[in-house]
Amino acid sequence: MAKIINVVKGTHDILPQEVEQWHILEKNALEIFSRYGYKEIRTPIFEVTELFARGVGDTTDIVNKEMYTFEKSERSLTLRPENTAGVVRSYIENGMSRLSPPVKLWYKGPMFRYERPQKGRQRQFHQVGVEMFGVKEPAADAEVILMAVDYLKSLGLDDLEVEINSLGCPKCREEFKNNLKAVLKPEFDNLCEDCQKRYEKNPLRLLDCKVESCKAIFEKPEIQKVIQSDFICEECADHFAKLKSYLDTMQVKYTVNKLLVRGLDYYNRTVFEIKSNNLGSQNAVCGGGRYDSLVKNLGGEDTPAVGWAMGMERLNALLPVPELKKLNGYIVSNSPVEALELAQKLRKEGYRIEFDLSNKKFTKQLEKASKVADYALILGEDEIKAGKVSVKNLATSEQKTVSIEELRSIL
RNA sequence: GCGCCUGUCGUCAAGCGGUUAAGACCUCGGAUUGUGGUUCCGAUAUGCAUGGGUUCGAAUCCCAUCAGGCGCCCCA
């Protein structure tokens, strides 16, 4: 036998028995998001590399070490690692800033990140996400979070934890970063290797380090004082307070997590995650926030925006696997022409029908019918002569001979 | 990129240096030439991820490679 070819590491097949789950995710997305006025958009799977470098941020891990990048005709192209940058590109390119705001878009599809696979993390994975453009008020943040919760509820997931935080605007965040670096400077040599890198690259990320020795350092009172301080400016604080009050009135349960930072550069003010306790260490099903400067950074007009993305594999991991639908009927017959005619007639009316294509023995056909269908439609010589069909309920073993018209009231 | 664990039929597995490589499920055939789901018989790995090595002898021990799992980092 020839050598077998396997799936690429970190990718996997979505097999027929699990595909119904995906249909549910997609159907509910379309249904729920359209209630909030969202329209679906589909952007290409690959884009010019520069889009992600400028969009996602070239200090991020995603851009630095996780992109599938290739050259074609002297252009550097990249398989999308996320879809916000692509949607923003399309928004700008298609002149959507001329549309009356807010512009609300949703998407679903595969994303690609070159990471070490583990539970809840593949190299090709799927996200469903939403982006809203043109509203700077906190009501937009609240609506977007509310919709995420609504969508999760529609899937039967209502025991998830919503965490929110505010990163402030570039101005006040810069101040906070400087304060944090200043107070940590004496401890720099005691930080773990990763934290020393973070100290330079992205000081906000220092806060959720899991190394015990670092945690201990962060517990020190003078450092806690900086971490716990409400560093954000008055405007940002007001935005955050309003968001919280909206969520309160809508009875969305949340916790404020001051350590919630998120790894993409484009976020400002509101960030949030929705987590599950049943997913292992990759426990976020949803992540998002506000990104008011991204559109401008990618060459568009200054446009505020909020959005989030959910990992569809992670959602599926929390959902039960639905049973595959059985056939309505399986035709048992040794007369292929008559069987085919009956099958086509019923299929045209919307029934799920199969019959034996290889003319096996009667008992074998019936055995097959009992496995795959609710009813066996027996079409033997007697039935054909009489212009009828014998219908057997395979669960109850009840059988009667009826005309094709009567058959419809049974199936 | 780093750390720990694991690779025996389509699936779940037993085996722990000398076996004919158990068993179960699935699949296929038969008992059963118009009545299934129960039952009973039978078939299906010259092969143990791949390549080396140790040994009289390797699925079993060692090394490398590949793949998978989990964790770190990061993220959905």
# chains A, B, ... in the order shown; residues from 1 in each chain; ligands from 1

$ residues_around --residues "A:Thr69" --least-positions-apart "6" --cutoff "10 Å" --atoms "only C-alpha atoms (C1' of nucleotides)" --output "tab-separated table (two decimals) with C-alpha atoms, in the first residue's frame"
chain	number	residue	atom	x	y	z
A	46	PHE	CA	-4.71	35.83	3.33
A	47	GLU	CA	-3.71	39.44	3.26
A	48	VAL	CA	-0.60	41.50	2.75
A	49	THR	CA	1.73	40.89	5.70
A	63	VAL	CA	3.01	38.96	14.59
A	76	SER	CA	4.86	39.10	1.39
A	77	LEU	CA	1.52	37.55	2.20
A	78	THR	CA	0.19	36.10	5.45
A	79	LEU	CA	-2.59	33.71	6.40
A	80	ARG	CA	-4.80	35.75	8.69

$ interface_residues --of "chain A" --to "chain B" --cutoff "7 Å" --atoms "only C-alpha atoms (C1' of nucleotides)" --output "ChimeraX atom specification"
/A:61,118,127,284-287,309-311,362-363,366-367,370

$ atom_distance --atom1 "atom CA of A:Val88" --atom2 "atom CA of A:Glu301"
11.2 Å

$ atom_distance --atom1 "atom CA of A:Leu30" --atom2 "atom CA of A:Trp106"
8.7 Å

$ atom_distance --atom1 "atom CA of A:Arg262" --atom2 "atom CA of A:Glu234"
22.4 Å

$ select_by_dssp --residues "stretch 111-336 of chain A" --states "alpha helix (DSSP H)" --output "VMD selection string"
chain A and resid 138 to 154 170 to 184 193 to 201 212 to 219 221 to 228 234 to 249 294 to 297 312 to 318 336

$ select_by_dssp --residues "stretch 175-301 of chain A" --states "strand (DSSP E or B)" --output "list in words"
Thr255, Val256, Asn268, Arg269, Thr270, Val271, Phe272, Glu273, Ile274, Lys275, Ala284, Val285, Cys286, Gly287, Gly288, Gly289 and Arg290 of chain A

$ residues_around --residues "stretch 13-24 of chain A" --least-positions-apart "2" --cutoff "12 Å" --atoms "only C-alpha atoms (C1' of nucleotides)" --output "PyMOL selection string"
chain A and resi 6-11+26-32+108-109+122+124-128+151-152+154-156+311-326

$ closest_residue --among "A:Ala216, A:Ile410, A:Val103, A:Ala53" --to "A:Tyr36" --atoms "only C-alpha atoms"
A:Val103

$ residues_around --residues "A:Asn328" --least-positions-apart "5" --cutoff "8 Å" --atoms "only C-alpha atoms (C1' of nucleotides)" --output "list in words"
Tyr351, Arg352, Ile353, Ala373, Asp374, Tyr375 and Leu411 of chain A
